[in-house]
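Structure file protein.cif (mmCIF, C-alpha atoms (C1' of nucleotides)) follows.
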```cif
data_target
loop_
_atom_site.label_atom_id
_atom_site.label_comp_id
_atom_site.auth_asym_id
_atom_site.auth_seq_id
_atom_site.Cartn_x
_atom_site.Cartn_y
_atom_site.Cartn_z
CA MET A 15 63.94 87.20 91.20
CA ASP A 16 65.07 85.30 88.14
CA LEU A 17 66.88 86.17 84.91
CA ALA A 18 63.68 86.87 82.98
CA GLY A 19 62.71 89.25 85.76
CA ILE A 20 65.74 91.42 85.07
CA GLY A 21 65.25 91.35 81.30
CA VAL A 22 67.88 88.74 80.47
CA LYS A 23 66.94 86.32 77.74
CA MET A 24 69.07 83.19 77.88
CA TRP A 25 70.35 81.61 74.66
CA ASP A 26 69.26 78.21 73.43
CA GLU A 27 71.54 75.19 73.88
CA LYS A 28 72.96 75.44 70.37
CA LYS A 29 74.07 79.02 70.82
CA ILE A 30 75.56 78.24 74.21
CA LYS A 31 77.69 75.50 72.66
CA ARG A 32 78.84 77.81 69.86
CA PHE A 33 79.80 80.37 72.47
CA ARG A 34 81.88 77.90 74.46
CA ARG A 35 83.66 76.78 71.32
CA ALA A 36 84.45 80.32 70.17
CA LEU A 37 85.73 81.33 73.60
CA LEU A 38 87.84 78.23 74.21
CA ASP A 39 89.30 78.17 70.69
CA TRP A 40 90.47 81.73 71.27
CA TYR A 41 91.84 80.83 74.69
CA ASP A 42 93.77 77.87 73.32
CA LYS A 43 95.52 80.20 70.89
CA GLU A 44 95.93 83.32 72.98
CA LYS A 45 96.11 82.30 76.62
CA ARG A 46 98.87 83.86 78.71
CA ASP A 47 101.66 81.67 79.99
CA LEU A 48 101.49 82.25 83.75
CA PRO A 49 103.35 80.37 86.51
CA TRP A 50 100.15 79.11 88.15
CA ARG A 51 98.94 77.74 84.83
CA ARG A 52 101.77 75.21 84.80
CA THR A 53 100.53 73.35 87.87
CA GLN A 54 97.56 71.39 89.12
CA ASN A 55 98.62 71.69 92.76
CA PRO A 56 95.61 73.16 94.58
CA TYR A 57 97.86 74.86 97.13
CA PHE A 58 99.79 76.69 94.41
CA ILE A 59 96.57 77.70 92.67
CA TRP A 60 95.11 78.84 95.98
CA VAL A 61 98.14 81.08 96.63
CA SER A 62 97.85 82.60 93.15
CA GLU A 63 94.13 83.29 93.52
CA ILE A 64 94.54 85.03 96.87
CA MET A 65 97.41 87.16 95.57
CA LEU A 66 95.47 88.09 92.44
CA GLN A 67 92.57 89.56 94.42
CA GLN A 68 92.50 93.26 93.48
CA THR A 69 96.08 92.95 92.28
CA ARG A 70 97.68 92.96 88.83
CA VAL A 71 99.26 89.87 87.30
CA ASP A 72 102.63 91.57 86.75
CA THR A 73 102.79 92.56 90.40
CA VAL A 74 101.88 89.09 91.63
CA ILE A 75 104.37 86.95 89.69
CA PRO A 76 107.54 87.67 91.74
CA TYR A 77 105.61 87.44 95.00
CA TYR A 78 104.12 84.11 93.94
CA GLU A 79 107.53 82.61 93.20
CA ARG A 80 109.07 83.87 96.44
CA PHE A 81 106.13 82.85 98.61
CA LEU A 82 106.13 79.27 97.38
CA ALA A 83 109.91 79.05 97.70
CA THR A 84 109.54 80.18 101.33
CA PHE A 85 106.46 78.08 102.14
CA PRO A 86 106.52 75.09 99.78
CA THR A 87 103.66 73.25 101.51
CA ILE A 88 100.47 74.04 103.38
CA LYS A 89 102.15 72.72 106.53
CA ASP A 90 105.00 75.24 106.13
CA LEU A 91 102.43 78.02 105.82
CA ALA A 92 100.48 76.82 108.85
CA GLU A 93 103.62 76.84 111.01
CA ALA A 94 105.17 80.12 109.80
CA PRO A 95 105.95 82.94 112.27
CA GLU A 96 103.84 86.04 111.72
CA GLU A 97 106.79 88.29 110.85
CA THR A 98 108.09 85.89 108.21
CA LEU A 99 104.64 85.79 106.72
CA LEU A 100 104.22 89.58 106.61
CA LYS A 101 107.75 90.08 105.29
CA CYS A 102 106.91 87.75 102.41
CA TRP A 103 103.71 89.70 101.63
CA GLU A 104 105.29 93.13 102.24
CA GLY A 105 104.37 95.57 99.47
CA LEU A 106 101.52 93.47 98.10
CA GLY A 107 98.83 95.12 100.22
CA TYR A 108 95.56 93.88 101.73
CA TYR A 109 97.51 92.05 104.41
CA SER A 110 94.52 90.32 105.97
CA ARG A 111 94.74 88.07 102.92
CA VAL A 112 97.89 86.40 104.18
CA ARG A 113 96.71 86.25 107.79
CA ASN A 114 93.52 84.56 106.65
CA MET A 115 95.51 82.24 104.43
CA GLN A 116 97.50 81.03 107.42
CA LYS A 117 94.28 80.49 109.38
CA ALA A 118 92.98 78.48 106.45
CA ALA A 119 96.22 76.49 106.29
CA ILE A 120 95.73 75.56 109.94
CA GLN A 121 92.13 74.61 109.08
CA VAL A 122 93.40 72.33 106.32
CA MET A 123 95.83 70.65 108.72
CA GLU A 124 93.27 70.19 111.49
CA GLU A 125 89.96 69.70 109.69
CA PHE A 126 91.04 68.14 106.40
CA GLY A 127 94.00 66.04 107.51
CA GLY A 128 96.47 68.19 105.62
CA GLU A 129 94.76 67.58 102.26
CA PHE A 130 93.32 70.61 100.49
CA PRO A 131 89.52 70.12 100.31
CA ASN A 132 88.26 68.98 96.90
CA THR A 133 84.63 70.12 97.02
CA TYR A 134 83.19 73.59 96.48
CA ASP A 135 81.68 73.74 99.97
CA GLY A 136 84.86 72.46 101.56
CA ILE A 137 86.94 75.07 99.76
CA LEU A 138 84.43 77.82 100.59
CA SER A 139 84.63 76.92 104.29
CA LEU A 140 88.27 78.08 104.42
CA LYS A 141 89.02 81.49 105.93
CA GLY A 142 89.60 84.18 103.32
CA ILE A 143 88.01 82.18 100.50
CA GLY A 144 84.75 83.64 99.21
CA PRO A 145 82.49 82.58 96.37
CA TYR A 146 84.83 83.81 93.63
CA THR A 147 87.98 82.14 94.93
CA ALA A 148 86.13 78.92 95.79
CA GLY A 149 84.82 78.74 92.24
CA ALA A 150 88.23 79.47 90.76
CA ILE A 151 90.04 76.78 92.77
CA ALA A 152 87.23 74.24 92.35
CA SER A 153 87.21 74.63 88.58
CA ILE A 154 90.94 75.09 87.91
CA ALA A 155 92.44 72.62 90.38
CA PHE A 156 89.65 70.02 90.53
CA GLY A 157 87.75 70.39 87.25
CA LEU A 158 84.44 71.06 88.99
CA PRO A 159 81.81 72.96 86.94
CA GLU A 160 81.74 76.02 89.22
CA PRO A 161 81.82 79.54 87.80
CA ALA A 162 84.38 82.02 89.14
CA VAL A 163 82.42 85.25 89.33
CA ASP A 164 84.89 88.11 89.55
CA GLY A 165 84.94 91.62 88.14
CA ASN A 166 86.12 90.40 84.74
CA LEU A 167 83.38 87.84 84.41
CA MET A 168 80.68 90.28 85.51
CA ARG A 169 81.94 92.90 83.06
CA VAL A 170 81.98 90.48 80.13
CA ILE A 171 78.60 89.00 80.98
CA SER A 172 76.98 92.37 81.56
CA ARG A 173 78.00 93.29 78.00
CA LEU A 174 76.95 89.95 76.54
CA PHE A 175 73.39 90.26 77.91
CA GLU A 176 73.10 94.00 78.62
CA VAL A 177 72.58 93.28 82.31
CA ASN A 178 71.15 96.39 83.95
CA LEU A 179 72.51 95.65 87.42
CA ASP A 180 75.27 97.41 89.31
CA ILE A 181 78.20 94.97 89.32
CA GLY A 182 79.60 96.69 92.40
CA ASN A 183 76.63 95.67 94.51
CA PRO A 184 77.10 92.19 96.04
CA SER A 185 73.33 91.69 96.15
CA ASN A 186 73.35 91.55 92.34
CA ARG A 187 75.92 88.81 92.18
CA TRP A 188 73.34 86.05 91.90
CA ALA A 189 72.39 87.11 88.37
CA PHE A 190 75.94 86.79 87.03
CA GLN A 191 76.41 83.56 88.95
CA GLU A 192 73.25 82.15 87.40
CA ILE A 193 74.19 83.15 83.86
CA ALA A 194 77.70 81.77 84.29
CA GLU A 195 76.37 78.46 85.60
CA ILE A 196 74.43 78.05 82.37
CA LEU A 197 77.26 79.13 80.09
CA ILE A 198 80.16 77.29 81.73
CA ASP A 199 81.64 74.42 79.74
CA PRO A 200 81.21 71.28 81.87
CA ASP A 201 84.10 69.60 80.05
CA ARG A 202 86.60 72.43 80.66
CA PRO A 203 85.30 74.59 83.50
CA GLY A 204 88.72 75.84 84.62
CA ASP A 205 89.73 76.91 81.13
CA PHE A 206 86.31 78.46 80.58
CA ASN A 207 86.64 80.62 83.68
CA GLN A 208 90.20 81.63 82.88
CA ALA A 209 89.25 82.42 79.29
CA LEU A 210 86.64 84.90 80.51
CA MET A 211 89.23 86.44 82.84
CA ASP A 212 91.84 86.76 80.09
CA LEU A 213 89.23 88.29 77.85
CA GLY A 214 88.05 90.69 80.52
CA SER A 215 91.53 91.80 81.51
CA ASP A 216 92.60 92.85 78.03
CA ILE A 217 90.23 92.97 75.06
CA GLU A 218 87.20 93.60 77.28
CA SER A 219 89.02 95.72 79.84
CA PRO A 220 87.16 98.45 81.74
CA VAL A 221 89.27 101.21 80.17
CA ASN A 222 89.99 101.33 76.43
CA PRO A 223 88.39 98.03 75.50
CA ARG A 224 88.78 96.76 71.93
CA PRO A 225 85.46 95.00 71.49
CA GLU A 226 85.93 94.54 67.74
CA GLU A 227 88.77 92.14 68.57
CA SER A 228 86.64 89.99 70.86
CA PRO A 229 86.31 86.35 69.79
CA VAL A 230 82.70 86.45 71.06
CA LYS A 231 81.65 89.87 69.79
CA ASP A 232 78.87 88.32 67.71
CA PHE A 233 77.32 87.03 70.93
CA SER A 234 77.49 90.39 72.68
CA ALA A 235 74.19 92.28 72.84
CA ALA A 236 75.96 95.46 73.89
CA TYR A 237 78.37 95.23 70.96
CA LEU A 238 75.62 94.47 68.44
CA ASN A 239 73.35 97.21 69.82
CA GLY A 240 76.06 99.84 70.16
CA THR A 241 75.63 100.08 73.93
CA MET A 242 79.15 99.03 74.93
CA HIS A 243 79.73 102.37 76.64
CA ILE A 244 76.86 101.74 79.07
CA TYR A 245 78.06 98.40 80.41
CA PRO A 246 78.98 97.35 82.95
CA ILE A 247 76.92 99.49 85.29
CA LYS A 248 79.03 100.52 88.24
CA LYS A 249 78.73 103.22 90.87
CA PRO A 250 81.78 105.47 91.36
CA LYS A 251 83.82 104.93 94.49
CA LYS A 252 84.00 107.28 97.45
CA LYS A 253 87.00 109.57 97.71
CA PRO A 254 89.56 108.69 100.38
CA THR A 255 89.30 110.67 103.62
CA PRO A 256 92.18 113.11 104.14
CA MET A 257 94.14 112.71 107.38
CA LYS A 258 97.15 114.51 108.78
CA TRP A 259 99.79 112.78 110.93
CA ARG A 260 103.05 113.55 112.65
CA ALA A 261 105.73 110.86 112.58
CA PHE A 262 108.40 110.96 115.27
CA VAL A 263 111.83 109.95 114.04
CA VAL A 264 113.57 109.56 117.37
CA GLN A 265 117.16 108.46 117.91
CA ASP A 266 118.79 107.41 121.18
CA GLU A 267 122.40 108.05 122.22
CA GLN A 268 123.63 105.11 120.14
CA GLY A 269 121.85 106.43 117.07
CA ARG A 270 119.22 103.72 117.05
CA PHE A 271 115.67 104.52 115.91
CA LEU A 272 112.46 104.08 117.87
CA VAL A 273 109.91 101.92 116.05
CA GLU A 274 106.50 100.67 117.04
CA LYS A 275 104.57 97.57 116.04
CA ASN A 276 101.00 98.31 115.06
CA THR A 277 98.89 96.15 117.35
CA GLN A 278 95.85 98.42 117.64
CA ALA A 279 94.51 99.31 114.21
CA ASP A 280 93.43 96.84 111.56
CA LEU A 281 95.10 98.97 108.93
CA LEU A 282 98.71 97.76 108.50
CA SER A 283 98.34 95.57 111.56
CA GLY A 284 101.58 93.84 112.52
CA PHE A 285 103.83 96.27 110.66
CA TRP A 286 106.57 98.36 112.27
CA HIS A 287 106.75 102.11 111.81
CA PHE A 288 107.97 105.32 113.38
CA PRO A 289 105.52 106.37 116.09
CA LEU A 290 102.60 108.22 114.52
CA ILE A 291 100.22 110.69 116.10
CA ARG A 292 97.12 111.97 114.39
CA ASP A 293 97.26 115.74 113.83
CA PHE A 294 93.88 117.42 114.38
CA SER A 295 95.31 120.93 114.73
CA THR A 296 94.79 122.11 111.17
CA ILE A 297 91.03 121.84 111.28
CA GLY A 298 89.44 124.68 109.37
CA GLU A 299 92.30 125.02 106.93
CA SER A 300 90.70 122.65 104.52
CA ILE A 301 87.09 121.79 103.88
CA ASP A 302 88.10 118.28 102.83
CA LEU A 303 90.04 117.75 105.99
CA PHE A 304 87.20 119.10 108.08
CA GLU A 305 84.78 116.64 106.55
CA GLY A 306 87.17 113.78 107.17
CA VAL A 307 87.57 114.71 110.80
CA LEU A 308 83.94 115.35 111.74
CA GLU A 309 83.14 111.82 112.84
CA GLU A 310 86.06 111.84 115.23
CA SER A 311 85.04 115.00 117.01
CA SER A 312 85.78 113.56 120.45
CA ASN A 313 89.39 112.91 119.52
CA TYR A 314 89.52 116.31 117.96
CA GLU A 315 88.31 117.98 121.12
CA ILE A 316 90.86 116.16 123.21
CA ASN A 317 93.84 116.69 120.98
CA GLN A 318 93.45 119.78 118.89
CA ASN A 319 95.10 122.21 121.29
CA ILE A 320 97.89 120.04 122.65
CA PRO A 321 101.18 120.32 120.76
CA LEU A 322 102.10 117.03 119.11
CA GLU A 323 105.49 116.89 120.85
CA VAL A 324 103.72 117.09 124.20
CA GLN A 325 101.29 114.37 123.19
CA PHE A 326 104.22 112.21 122.16
CA GLU A 327 106.07 112.65 125.46
CA SER A 328 102.96 111.73 127.36
CA LEU A 329 101.96 108.74 125.25
CA TYR A 330 105.46 107.28 125.01
CA ARG A 331 106.70 108.41 128.43
CA MET A 332 109.89 109.84 127.05
CA LYS A 333 111.58 113.27 127.00
CA LEU A 334 112.46 114.60 123.56
CA THR A 335 114.86 117.15 122.26
CA PRO A 336 113.01 118.14 119.11
CA ILE A 337 115.55 119.03 116.46
CA ARG A 338 113.49 120.03 113.47
CA LEU A 339 110.53 119.33 111.25
CA LEU A 340 111.74 117.90 107.96
CA PRO A 341 110.85 120.07 104.96
CA LYS A 342 109.16 117.33 102.95
CA SER A 343 106.05 115.48 104.05
CA VAL A 344 105.06 111.97 103.07
CA LYS A 345 101.88 111.54 101.08
CA HIS A 346 100.26 108.14 100.81
CA ILE A 347 96.90 107.04 99.48
CA PHE A 348 95.10 103.95 100.74
CA SER A 349 91.81 102.75 99.31
CA HIS A 350 89.85 104.79 101.84
CA GLN A 351 92.31 107.26 103.43
CA ARG A 352 94.71 109.90 102.12
CA TRP A 353 97.56 110.50 104.56
CA ASP A 354 99.82 113.52 104.77
CA ILE A 355 102.62 112.90 107.28
CA GLU A 356 105.03 115.50 108.68
CA LEU A 357 108.28 114.13 110.03
CA GLN A 358 109.52 115.35 113.38
CA TYR A 359 113.20 114.58 113.84
CA ALA A 360 114.27 114.37 117.49
CA SER A 361 116.60 112.88 120.07
CA ALA A 362 115.46 110.98 123.14
CA LEU A 363 116.82 111.96 126.54
CA GLY A 364 116.00 108.84 128.50
CA GLU A 365 115.09 105.22 127.94
CA VAL A 366 111.54 104.39 126.99
CA LYS A 367 109.57 103.31 130.00
CA ASN A 368 106.97 101.31 128.22
CA ASN A 369 104.01 101.29 130.56
CA SER A 370 101.47 101.40 127.79
CA SER A 371 100.19 98.54 125.72
CA ARG A 372 102.43 99.72 122.90
CA THR A 373 105.08 97.47 121.39
CA LEU A 374 108.25 99.52 120.99
CA LYS A 375 111.90 98.89 120.31
CA TRP A 376 115.13 100.61 119.33
CA VAL A 377 116.66 99.35 116.12
CA THR A 378 119.65 100.10 113.91
CA LYS A 379 119.17 100.88 110.25
CA GLU A 380 120.08 97.28 109.39
CA GLU A 381 117.69 95.80 111.94
CA MET A 382 114.89 98.01 110.66
CA LYS A 383 115.21 96.55 107.18
CA LEU A 384 114.50 93.08 108.52
CA LEU A 385 111.14 94.09 110.01
CA PRO A 386 107.90 94.01 108.03
CA GLN A 387 107.46 97.55 106.73
CA SER A 388 104.59 99.15 104.86
CA ARG A 389 105.02 101.49 101.93
CA VAL A 390 104.18 104.39 104.21
CA GLN A 391 107.16 103.54 106.40
CA GLY A 392 109.26 102.98 103.29
CA LYS A 393 108.41 106.46 102.02
CA MET A 394 109.33 107.97 105.39
CA CYS A 395 112.71 106.21 105.21
CA GLU A 396 113.24 107.56 101.68
CA ILE A 397 112.79 111.10 102.99
CA LEU A 398 115.35 110.43 105.72
CA VAL A 399 117.83 109.05 103.21
CA GLY A 400 117.33 112.19 101.11
CA GLN A 401 118.10 114.28 104.20
CA GLU A 402 121.14 112.12 104.94
CA LEU A 403 119.63 111.08 108.26
CA LEU A 404 119.43 107.37 107.52
"C1'" DT B 14 74.39 97.58 102.77
"C1'" DA B 15 78.32 100.09 102.83
"C1'" DG B 16 82.70 100.64 104.79
"C1'" DT B 17 87.26 98.57 105.52
"C1'" DC B 18 91.36 96.82 103.85
"C1'" DG B 19 97.20 98.49 100.00
"C1'" DT B 20 99.70 99.29 96.30
"C1'" DG B 21 101.36 100.53 91.74
"C1'" DG B 22 100.12 101.43 86.92
"C1'" DT B 23 98.04 104.44 83.64
"C1'" DA B 24 95.59 108.33 81.29
"C1'" DT C 24 97.86 116.21 90.27
"C1'" DT C 25 93.85 113.80 90.14
"C1'" DA C 26 91.10 109.99 89.11
"C1'" DC C 27 90.37 105.47 88.14
"C1'" DC C 28 91.60 100.89 88.04
"C1'" DA C 29 93.15 95.39 89.29
"C1'" DA C 30 91.38 87.47 89.36
"C1'" DG C 31 87.40 90.12 96.66
"C1'" DA C 32 86.50 88.96 101.49
"C1'" DC C 33 85.06 90.36 105.79
"C1'" DT C 34 82.37 93.02 109.04
#
```
Written as structure tokens, that's how I'd like the structure from this file.
Amino acid sequence: MDLAGIGVKMWDEKKIKRFRRALLDWYDKEKRDLPWRRTQNPYFIWVSEIMLQQTRVDTVIPYYERFLATFPTIKDLAEAPEETLLKCWEGLGYYSRVRNMQKAAIQVMEEFGGEFPNTYDGILSLKGIGPYTAGAIASIAFGLPEPAVDGNLMRVISRLFEVNLDIGNPSNRWAFQEIAEILIDPDRPGDFNQALMDLGSDIESPVNPRPEESPVKDFSAAYLNGTMHIYPIKKPKKKPTPMKWRAFVVQDEQGRFLVEKNTQADLLSGFWHFPLIRDFSTIGESIDLFEGVLEESSNYEINQNIPLEVQFESLYRMKLTPIRLLPKSVKHIFSHQRWDIELQYASALGEVKNNSSRTLKWVTKEEMKLLPQSRVQGKMCEILVGQELL
DNA sequence: TAGTCGTGGTA
DNA sequence: TTACCAAGACT
């Protein structure tokens, strides 16, 4: 398949040059002053690009500053302990990003002699760097004429050419890549890519765009044809699956809390939290919940009739004195799951005999704060503070 | 190909 | 409250 095959008619060379000029002139006047735009250091730009994946600029800025103060060089990143790494990324989400970044840092030390690779293929070979990020780093840090095809660029281009392809489908990426390769300014590829991103994140944003303010509106087929509302084409996302949990807030005689390191699931892997047990008992109360639970019917059959306190005592090999269920539950939405967590407050009678593969420890309130904690755990702690239990 | 992987902002 | 969204990569 080629561009003509999907109904895209490319401009002639003269129009392409006018487009580059209009876009870059606007960028030179209006570009945002961002920390990673004051450096040419490929490591710094790499960090910014990873953090910016699916994450807003305002959120990233403080994390960017702190991360580079903590790990000033690729070598520092490669040698960092996991908990330091997670603590630095805590609250930013999508934590596999930082794990992959450390793997890539080790790759740079071992395969590239400590020097960040300066070719597109070299950059793309690093763990956690896909076609977008490779293009962004190649163009911004090294001046290579590689497009950086992200959501912004696809949205802008789909409006420029009325591209009738779903931008959410990776198999359609080639078309936007191909168009961008033709449009990109070979003299200023990094600025060209960033100009499209600035444009796409504000004037050409997905919600409430202001197309009449666009510096390239005269080039936009959708704008000129009055079809702005159609583009980009994008399928709606699936709703997150509802799940119920019981968290066990257990204190020993010294008042320390039992916490567990997540070593089993990929979700929030490496983070510490109060022990959590999936609650399958409310099946039938909610159609939504029922649908979410269907695929785990074996778990459901095993657990639905066993009280959660009993499950806890068995799994953690510990006797509890359940005190009470806290009146407020914690609600938390991930990209693909919606959690509702009841908090069971209890005292432990004996020491934990940890025969399982679980990683457990007793910590004071102060020690808990030093561990990597997810927002879910943070919300549970907020409830406890409200109940004057923490 | 479609699901997995977080969080906070905004309407 | 709900729904949608943000500079994606990996499996």
Could you list, as a PyMOL selection string, the residues of chain A having an atom within 12 Å of chain B when counting only C-alpha atoms (C1' of nucleotides)? chain A and resi 67-74+103-111+182-185+221-222+251-252+254+279-283+346-352+388-390
For the PyMOL selection byres ((chain A and resi 376) around 7), applied here, can you spell out every residue it catches as a list in words? Arg270, Phe271, Leu272, Val273, Lys375 and Val377 of chain A
Kindly give the distance, in Å, that separates CA of Arg80 in chain A and CA of Cys102 in chain A, rounded to a single decimal. 7.4 Å
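Evaluating the PyMOL selection byres ((chain A) within 8 of (chain C)) against the shown model yields A:Glu63, A:Leu66, A:Gln67, A:Gln68, A:Thr69, A:Arg70, A:Gly142, A:Ile143, A:Gly144, A:Tyr146, A:Asp164, A:Gly165, A:Asn166, A:Met211.
Atom pair CA of Val264 in chain A / CA of Thr98 in chain A: separated by 26.0 Å.
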Pairwise distance for CA of Ser215 in chain A and CA of Lys45 in chain A, rounded to one decimal in Å: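 Distance between the two atoms: 11.6 Å.
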Translate the PyMOL selection byres ((chain A and resi 208) around 9) into a concrete residue list for this structure, as number ranges by chain. A: 41, 45, 150, 154, 162, 203-207, 209-213; C: 30
Each side padded by 4 Å, which centre and which edge lengths in Å (one decimal) define the axis-aligned box around the listed atoms of range 277-295 of chain A? Give them as lines of an AutoDock Vina configuration file.
```
center_x = 100.7
center_y = 107.4
center_z = 113.1
size_x = 22.5
size_y = 35.1
size_z = 17.1
```
Using only C-alpha atoms, the residue out of A:Ile59, A:Asn276, A:Leu363, A:Pro161 with shortest distance to Gln191 in chain A is A:Pro161
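Taking only C-alpha atoms (C1' of nucleotides), the non-local environment of Ile247 in chain A within 12 Å (same-chain residues fewer than 4 positions away omitted) comprises A:Gly165, A:Met168, A:Arg169, A:Val170, A:Ile171, A:Ser172, A:Arg173, A:Glu176, A:Val177, A:Asn178, A:Leu179, A:Asp180, A:Ile181, A:Gly182, A:Asn183, A:Asn186, A:Pro220, A:Thr241, A:Met242, A:His243.
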Please determine, counting only C-alpha atoms, which residue among A:Pro159, A:Pro200, A:Pro56, A:Pro341 has the shortest atom-to-atom distance to Pro131 in chain A.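 Of the candidates, the smallest distance to Pro131 in chain A is held by A:Pro56.
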Could you name the residues that touch Arg34 in chain A at 9 Å or less, counting only C-alpha atoms (C1' of nucleotides), but leaving out those on the same chain fewer than 6 positions away, as a list in words? Leu197, Ile198, Asp199 and Phe206 of chain A
Could you rebuild range 318-324 of chain A with all heavy atoms and give it back as a compact mmCIF listing (two decimals), in the frame of the given file?
```
# COMPACT_ATOMS: atom_id res chain seq x y z
N GLN A 318 93.16 118.71 119.84
CA GLN A 318 93.45 119.78 118.89
C GLN A 318 94.37 120.86 119.43
O GLN A 318 95.12 121.47 118.69
CB GLN A 318 92.16 120.41 118.38
CG GLN A 318 91.40 121.14 119.47
CD GLN A 318 90.43 122.15 118.88
OE1 GLN A 318 90.71 122.74 117.85
NE2 GLN A 318 89.30 122.31 119.54
N ASN A 319 94.33 121.09 120.75
CA ASN A 319 95.10 122.21 121.29
C ASN A 319 96.40 121.78 121.97
O ASN A 319 97.12 122.62 122.47
CB ASN A 319 94.24 122.99 122.28
CG ASN A 319 93.11 123.71 121.56
OD1 ASN A 319 93.31 124.23 120.45
ND2 ASN A 319 91.93 123.69 122.14
N ILE A 320 96.66 120.50 122.00
CA ILE A 320 97.89 120.04 122.65
C ILE A 320 98.96 119.84 121.58
O ILE A 320 98.75 119.10 120.63
CB ILE A 320 97.64 118.71 123.39
CG1 ILE A 320 96.48 118.88 124.38
CG2 ILE A 320 98.91 118.26 124.10
CD1 ILE A 320 96.06 117.60 125.04
N PRO A 321 100.13 120.49 121.75
CA PRO A 321 101.18 120.32 120.76
C PRO A 321 101.55 118.84 120.60
O PRO A 321 101.56 118.09 121.58
CB PRO A 321 102.36 121.11 121.35
CG PRO A 321 101.74 122.09 122.28
CD PRO A 321 100.49 121.44 122.81
N LEU A 322 101.86 118.45 119.37
CA LEU A 322 102.10 117.03 119.11
C LEU A 322 103.30 116.50 119.87
O LEU A 322 103.30 115.35 120.31
CB LEU A 322 102.27 116.83 117.60
CG LEU A 322 100.98 117.08 116.82
CD1 LEU A 322 101.27 117.26 115.33
CD2 LEU A 322 100.00 115.95 117.03
N GLU A 323 104.32 117.34 120.08
CA GLU A 323 105.49 116.89 120.85
C GLU A 323 105.09 116.54 122.28
O GLU A 323 105.58 115.57 122.86
CB GLU A 323 106.57 117.99 120.90
CG GLU A 323 107.23 118.29 119.56
CD GLU A 323 106.44 119.32 118.76
OE1 GLU A 323 105.27 119.59 119.11
OE2 GLU A 323 107.00 119.86 117.79
N VAL A 324 104.17 117.34 122.82
CA VAL A 324 103.72 117.09 124.20
C VAL A 324 102.91 115.81 124.26
O VAL A 324 103.06 114.99 125.18
CB VAL A 324 102.88 118.29 124.70
CG1 VAL A 324 102.32 118.00 126.09
CG2 VAL A 324 103.72 119.55 124.69
```
